[in-house]
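As provided, protein-v1.pdb (PDB, C-alpha atoms) reads as follows.
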ATOM      1  CA  MET A 211      38.398 -10.911 -37.779  1.00  0.00           C
ATOM      2  CA  GLN A 212      39.569  -9.971 -34.316  1.00  0.00           C
ATOM      3  CA  PRO A 213      40.998  -6.439 -33.886  1.00  0.00           C
ATOM      4  CA  MET A 214      44.707  -6.248 -33.256  1.00  0.00           C
ATOM      5  CA  SER A 215      46.666  -3.604 -31.415  1.00  0.00           C
ATOM      6  CA  PHE A 216      49.886  -2.497 -33.110  1.00  0.00           C
ATOM      7  CA  GLU A 217      51.783   0.658 -33.937  1.00  0.00           C
ATOM      8  CA  ILE A 218      53.695   1.739 -37.017  1.00  0.00           C
ATOM      9  CA  LEU A 219      57.076   3.340 -36.353  1.00  0.00           C
ATOM     10  CA  ARG A 220      59.830   4.640 -38.577  1.00  0.00           C
ATOM     11  CA  LEU A 221      62.950   2.756 -37.602  1.00  0.00           C
ATOM     12  CA  THR A 222      65.704   5.230 -36.754  1.00  0.00           C
ATOM     13  CA  GLU A 223      68.151   3.040 -34.867  1.00  0.00           C
ATOM     14  CA  ALA A 224      69.313  -0.513 -35.206  1.00  0.00           C
ATOM     15  CA  THR A 225      69.708  -3.055 -32.456  1.00  0.00           C
ATOM     16  CA  GLU A 226      70.726  -6.697 -32.602  1.00  0.00           C
ATOM     17  CA  ASP A 227      67.232  -7.699 -31.441  1.00  0.00           C
ATOM     18  CA  VAL A 228      65.383  -5.694 -34.116  1.00  0.00           C
ATOM     19  CA  ALA A 229      67.804  -6.878 -36.825  1.00  0.00           C
ATOM     20  CA  ARG A 230      67.194 -10.484 -35.756  1.00  0.00           C
ATOM     21  CA  GLN A 231      63.415 -10.005 -35.775  1.00  0.00           C
ATOM     22  CA  LEU A 232      63.458  -8.341 -39.192  1.00  0.00           C
ATOM     23  CA  ASP A 233      65.746 -11.023 -40.600  1.00  0.00           C
ATOM     24  CA  ALA A 234      63.256 -13.680 -39.465  1.00  0.00           C
ATOM     25  CA  LEU A 235      60.368 -11.647 -40.890  1.00  0.00           C
ATOM     26  CA  PHE A 236      61.970 -11.402 -44.335  1.00  0.00           C
ATOM     27  CA  CYS A 237      62.008 -15.200 -44.583  1.00  0.00           C
ATOM     28  CA  HIS A 238      58.240 -14.835 -45.177  1.00  0.00           C
ATOM     29  CA  LEU A 239      58.787 -12.460 -48.085  1.00  0.00           C
ATOM     30  CA  THR A 240      60.878 -14.429 -50.537  1.00  0.00           C
ATOM     31  CA  SER A 241      62.704 -17.678 -50.992  1.00  0.00           C
ATOM     32  CA  VAL A 242      65.433 -15.933 -53.008  1.00  0.00           C
ATOM     33  CA  PRO A 243      68.747 -16.060 -51.148  1.00  0.00           C
ATOM     34  CA  ARG A 244      69.544 -12.769 -49.436  1.00  0.00           C
ATOM     35  CA  PRO A 245      72.227 -11.507 -47.096  1.00  0.00           C
ATOM     36  CA  GLU A 246      71.625 -11.873 -43.374  1.00  0.00           C
ATOM     37  CA  LEU A 247      70.260  -8.678 -41.872  1.00  0.00           C
ATOM     38  CA  THR A 248      72.785  -7.798 -39.191  1.00  0.00           C
ATOM     39  CA  ALA A 249      72.584  -4.803 -36.869  1.00  0.00           C
ATOM     40  CA  GLU A 250      75.442  -3.213 -38.827  1.00  0.00           C
ATOM     41  CA  ARG A 251      73.605  -3.634 -42.152  1.00  0.00           C
ATOM     42  CA  LEU A 252      70.380  -2.352 -40.564  1.00  0.00           C
ATOM     43  CA  ARG A 253      72.245   0.732 -39.276  1.00  0.00           C
ATOM     44  CA  ASP A 254      73.386   1.447 -42.844  1.00  0.00           C
ATOM     45  CA  ILE A 255      69.828   1.059 -44.120  1.00  0.00           C
ATOM     46  CA  VAL A 256      68.209   3.393 -41.593  1.00  0.00           C
ATOM     47  CA  ALA A 257      70.983   5.962 -42.118  1.00  0.00           C
ATOM     48  CA  GLN A 258      70.135   6.386 -45.814  1.00  0.00           C
ATOM     49  CA  PRO A 259      68.785   9.911 -46.318  1.00  0.00           C
ATOM     50  CA  ASP A 260      66.439   8.963 -49.165  1.00  0.00           C
ATOM     51  CA  ALA A 261      64.866   5.899 -47.580  1.00  0.00           C
ATOM     52  CA  ALA A 262      62.608   5.091 -44.659  1.00  0.00           C
ATOM     53  CA  LEU A 263      62.027   1.711 -43.066  1.00  0.00           C
ATOM     54  CA  PHE A 264      58.715   1.380 -41.217  1.00  0.00           C
ATOM     55  CA  VAL A 265      57.949  -1.441 -38.815  1.00  0.00           C
ATOM     56  CA  ALA A 266      54.729  -2.647 -37.259  1.00  0.00           C
ATOM     57  CA  ILE A 267      55.149  -3.488 -33.577  1.00  0.00           C
ATOM     58  CA  ALA A 268      52.678  -5.596 -31.578  1.00  0.00           C
ATOM     59  CA  GLU A 269      53.359  -6.627 -27.995  1.00  0.00           C
ATOM     60  CA  GLY A 270      56.981  -5.523 -28.339  1.00  0.00           C
ATOM     61  CA  GLN A 271      57.623  -7.654 -31.434  1.00  0.00           C
ATOM     62  CA  VAL A 272      58.155  -6.719 -35.088  1.00  0.00           C
ATOM     63  CA  VAL A 273      55.188  -8.144 -37.005  1.00  0.00           C
ATOM     64  CA  GLY A 274      55.563  -6.272 -40.295  1.00  0.00           C
ATOM     65  CA  SER A 275      57.812  -4.031 -42.338  1.00  0.00           C
ATOM     66  CA  LEU A 276      57.916  -1.735 -45.370  1.00  0.00           C
ATOM     67  CA  THR A 277      60.741   0.243 -46.952  1.00  0.00           C
ATOM     68  CA  ILE A 278      60.191   3.301 -49.140  1.00  0.00           C
ATOM     69  CA  CYS A 279      62.932   4.955 -51.183  1.00  0.00           C
ATOM     70  CA  HIS A 280      62.980   8.297 -52.981  1.00  0.00           C
ATOM     71  CA  ASN A 281      64.787   8.465 -56.313  1.00  0.00           C
ATOM     72  CA  LEU A 282      65.778  11.739 -57.933  1.00  0.00           C
ATOM     73  CA  LEU A 283      66.483  10.990 -61.588  1.00  0.00           C
ATOM     74  CA  PRO A 284      67.253  13.039 -64.712  1.00  0.00           C
ATOM     75  CA  VAL A 285      63.724  12.371 -66.018  1.00  0.00           C
ATOM     76  CA  GLY A 286      61.947  13.105 -62.751  1.00  0.00           C
ATOM     77  CA  GLU A 287      61.339  11.742 -59.290  1.00  0.00           C
ATOM     78  CA  LYS A 288      59.836   8.483 -58.052  1.00  0.00           C
ATOM     79  CA  TRP A 289      59.175   6.683 -54.839  1.00  0.00           C
ATOM     80  CA  TRP A 290      59.577   2.908 -54.628  1.00  0.00           C
ATOM     81  CA  ILE A 291      57.950   0.814 -51.948  1.00  0.00           C
ATOM     82  CA  GLU A 292      59.877  -2.384 -51.314  1.00  0.00           C
ATOM     83  CA  ASP A 293      59.802  -5.429 -49.052  1.00  0.00           C
ATOM     84  CA  VAL A 294      56.268  -5.173 -47.678  1.00  0.00           C
ATOM     85  CA  VAL A 295      55.851  -8.168 -45.395  1.00  0.00           C
ATOM     86  CA  THR A 296      53.899  -9.240 -42.332  1.00  0.00           C
ATOM     87  CA  LEU A 297      54.084 -12.332 -40.192  1.00  0.00           C
ATOM     88  CA  PRO A 298      51.577 -14.961 -41.365  1.00  0.00           C
ATOM     89  CA  ALA A 299      49.815 -14.838 -37.966  1.00  0.00           C
ATOM     90  CA  VAL A 300      48.845 -11.166 -38.437  1.00  0.00           C
ATOM     91  CA  ARG A 301      47.784 -11.245 -42.088  1.00  0.00           C
ATOM     92  CA  GLY A 302      44.289  -9.978 -42.665  1.00  0.00           C
ATOM     93  CA  LYS A 303      44.374  -7.873 -39.485  1.00  0.00           C
ATOM     94  CA  GLY A 304      45.208  -4.488 -41.030  1.00  0.00           C
ATOM     95  CA  VAL A 305      48.957  -4.499 -40.465  1.00  0.00           C
ATOM     96  CA  GLY A 306      49.921  -4.534 -44.152  1.00  0.00           C
ATOM     97  CA  ARG A 307      47.364  -1.836 -44.959  1.00  0.00           C
ATOM     98  CA  ALA A 308      48.641   0.372 -42.124  1.00  0.00           C
ATOM     99  CA  LEU A 309      52.227  -0.035 -43.334  1.00  0.00           C
ATOM    100  CA  VAL A 310      51.339   0.845 -46.931  1.00  0.00           C
ATOM    101  CA  GLU A 311      49.216   3.817 -45.864  1.00  0.00           C
ATOM    102  CA  ARG A 312      52.048   5.071 -43.624  1.00  0.00           C
ATOM    103  CA  GLY A 313      54.551   4.743 -46.472  1.00  0.00           C
ATOM    104  CA  VAL A 314      52.248   6.639 -48.830  1.00  0.00           C
ATOM    105  CA  ALA A 315      51.667   9.370 -46.208  1.00  0.00           C
ATOM    106  CA  TYR A 316      55.420   9.657 -45.632  1.00  0.00           C
ATOM    107  CA  ALA A 317      56.032  10.140 -49.376  1.00  0.00           C
ATOM    108  CA  ALA A 318      53.318  12.819 -49.500  1.00  0.00           C
ATOM    109  CA  GLU A 319      54.940  14.638 -46.556  1.00  0.00           C
ATOM    110  CA  ILE A 320      58.444  14.618 -48.079  1.00  0.00           C
ATOM    111  CA  ALA A 321      57.737  15.049 -51.806  1.00  0.00           C
ATOM    112  CA  PRO A 322      54.040  15.587 -52.517  1.00  0.00           C
ATOM    113  CA  GLY A 323      52.763  14.625 -55.953  1.00  0.00           C
ATOM    114  CA  VAL A 324      55.694  12.372 -56.785  1.00  0.00           C
ATOM    115  CA  PRO A 325      54.487   8.996 -58.133  1.00  0.00           C
ATOM    116  CA  ILE A 326      54.870   5.928 -55.946  1.00  0.00           C
ATOM    117  CA  TYR A 327      55.687   2.543 -57.470  1.00  0.00           C
ATOM    118  CA  LEU A 328      55.883  -0.982 -56.135  1.00  0.00           C
ATOM    119  CA  THR A 329      56.104  -4.440 -57.605  1.00  0.00           C
ATOM    120  CA  SER A 330      54.299  -7.545 -56.471  1.00  0.00           C
ATOM    121  CA  ASN A 331      54.574 -11.140 -57.552  1.00  0.00           C
ATOM    122  CA  PRO A 332      51.358 -12.269 -59.299  1.00  0.00           C
ATOM    123  CA  ALA A 333      51.166 -15.206 -56.865  1.00  0.00           C
ATOM    124  CA  ARG A 334      50.723 -12.771 -53.940  1.00  0.00           C
ATOM    125  CA  THR A 335      47.031 -12.241 -54.631  1.00  0.00           C
ATOM    126  CA  ALA A 336      46.116 -10.854 -51.188  1.00  0.00           C
ATOM    127  CA  ALA A 337      48.963  -8.322 -51.324  1.00  0.00           C
ATOM    128  CA  ARG A 338      47.989  -7.248 -54.824  1.00  0.00           C
ATOM    129  CA  GLU A 339      44.386  -6.784 -53.732  1.00  0.00           C
ATOM    130  CA  LEU A 340      45.579  -4.684 -50.799  1.00  0.00           C
ATOM    131  CA  TYR A 341      47.625  -2.426 -53.089  1.00  0.00           C
ATOM    132  CA  ARG A 342      44.631  -1.946 -55.402  1.00  0.00           C
ATOM    133  CA  SER A 343      42.375  -1.128 -52.445  1.00  0.00           C
ATOM    134  CA  VAL A 344      44.809   1.594 -51.317  1.00  0.00           C
ATOM    135  CA  GLY A 345      44.670   3.135 -54.806  1.00  0.00           C
ATOM    136  CA  PHE A 346      47.568   1.602 -56.702  1.00  0.00           C
ATOM    137  CA  GLU A 347      46.876   0.679 -60.309  1.00  0.00           C
ATOM    138  CA  GLU A 348      48.667  -2.064 -62.165  1.00  0.00           C
ATOM    139  CA  TYR A 349      51.205  -0.552 -64.531  1.00  0.00           C
ATOM    140  CA  GLN A 350      52.224  -2.591 -67.541  1.00  0.00           C
ATOM    141  CA  THR A 351      55.953  -3.071 -67.436  1.00  0.00           C
ATOM    142  CA  GLY A 352      58.522  -5.816 -67.368  1.00  0.00           C
ATOM    143  CA  VAL A 353      60.887  -6.231 -64.469  1.00  0.00           C
ATOM    144  CA  PHE A 354      64.396  -7.247 -65.417  1.00  0.00           C
ATOM    145  CA  ARG A 355      66.973  -8.579 -63.024  1.00  0.00           C
ATOM    146  CA  LEU A 356      70.713  -9.075 -63.373  1.00  0.00           C
ATOM    147  CA  LYS A 357      72.400 -11.230 -60.779  1.00  0.00           C
TER     148      LYS A 357
END
Rewrite the structure from the file as structure tokens, please.
Amino acid sequence: MQPMSFEILRLTEATEDVARQLDALFCHLTSVPRPELTAERLRDIVAQPDAALFVAIAEGQVVGSLTICHNLLPVGEKWWIEDVVTLPAVRGKGVGRALVERGVAYAAEIAPGVPIYLTSNPARTAARELYRSVGFEEYQTGVFRLK
């Protein structure tokens, strides 16, 4: 595996170019229909006080992304990691790991000791192995969805 140079940044502003790059990136995450990620929608996302969107940048291009959200609930607090995705060309080069580790570090900075959850499709074997290698344990639950 050839080393790759990239940086992980917390996205704090939205531009048309970054929104377009992220929208193209999310096509690699799921085939489920989703709204187009416009600059306006991205601005709303990065403005959320209880969420952080991290991007991996290589050679000026977005090559990966992760969103982490903090939830304060009557029964306690939780973090949720969502939408972890990298471009196929950079998979296996440490980008996904760096994103997950940055998200976990961010949660520890903001609310130490609060559990962090994520879900992953069983078909995404490499992603699931990555999560286990970072320290996540599979938690027996059922995910329900209402459209």
Open item on the list: Residues within 7 Å of region 303-320 of chain A, please, as number ranges by chain. Count all atoms listed in the file; anything in the same chain fewer than 5 positions from it doesn't count.
Closed with: A: 211, 213-214, 218, 264, 266, 274-276, 278, 296, 340
Task: Nearest to Leu328 (chain A), chosen from A:Trp289, A:Lys357, A:Val300, A:Gln350, with all atoms listed in the file counted in the distances - done: A:Trp289
Task: Two-atom distance - CA of Gly286 (chain A), CA of Asp260 (chain A) (Å) - done: 14.9 Å
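In this model, the gap between CA of Val228 (chain A) and CA of Ala262 (chain A) comes to 15.3 Å.
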- [ ] Record the distance separating CA of Arg334 (chain A) and CA of Ala229 (chain A), expressed in Å with one decimal.
- [x]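 Going from CA of Arg334 (chain A) over to CA of Ala229 (chain A), I get 24.9 Å.
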TODO: Would you kindly return, as a PyMOL selection string, each protein, DNA or RNA residue with an atom no farther than 10 Å from any atom of Ser330 (chain A), considering all atoms listed in the file and excluding same-chain residues fewer than 4 positions away?
DONE: chain A and resi 292-294+334-335+337-338+341+348
Atoms to include: C-alpha atoms. Write the selected residues as a tab-separated table (two decimals), in the coordinates of the input.
chain	number	residue	atom	x	y	z
A	292	GLU	CA	59.88	-2.38	-51.31
A	293	ASP	CA	59.80	-5.43	-49.05
A	294	VAL	CA	56.27	-5.17	-47.68
A	334	ARG	CA	50.72	-12.77	-53.94
A	335	THR	CA	47.03	-12.24	-54.63
A	337	ALA	CA	48.96	-8.32	-51.32
A	338	ARG	CA	47.99	-7.25	-54.82
A	341	TYR	CA	47.62	-2.43	-53.09
A	348	GLU	CA	48.67	-2.06	-62.16
Task: Explicit residue set for the PyMOL selection byres ((chain A and resi 236-253) around 9), as a VMD selection string - done: chain A and resid 222 to 235 254 to 258 275 293 to 298
Open item on the list: Assuming the chain letters and numbering stay as they are in my file, what does the PyMOL selection byres ((chain A and resi 267) around 9) actually select? List them as a list of chain:residue names.
Closed with: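 Checking the PyMOL selection byres ((chain A and resi 267) around 9) against this file, the residues are A:Ser215, A:Phe216, A:Glu217, A:Ile218, A:Leu219, A:Val265, A:Ala266, A:Ala268, A:Glu269, A:Gly270, A:Gln271, A:Val272, A:Val273, A:Gly274.
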Quick one: apply the PyMOL selection byres ((chain A and resi 325) around 8) to the file and drop the selected residues here as a tab-separated table (two decimals) with C-alpha atoms, keeping the file's coordinate frame.
chain	number	residue	atom	x	y	z
A	287	GLU	CA	61.34	11.74	-59.29
A	288	LYS	CA	59.84	8.48	-58.05
A	289	TRP	CA	59.18	6.68	-54.84
A	323	GLY	CA	52.76	14.62	-55.95
A	324	VAL	CA	55.69	12.37	-56.78
A	326	ILE	CA	54.87	5.93	-55.95
A	327	TYR	CA	55.69	2.54	-57.47
Open item on the list: For a quick check of understanding, using all atoms listed in the file, which of A:Thr277, A:Leu283, A:Trp290, A:Thr329 has the smallest distance to Gly352 (chain A)?
Closed with: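 Nearest to Gly352 (chain A): A:Thr329.
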Task: Using only C-alpha atoms: which of A:Leu263, A:Ala321, A:Leu356, A:Gly302 has the shortest distance to His280 (chain A) - done: A:Ala321
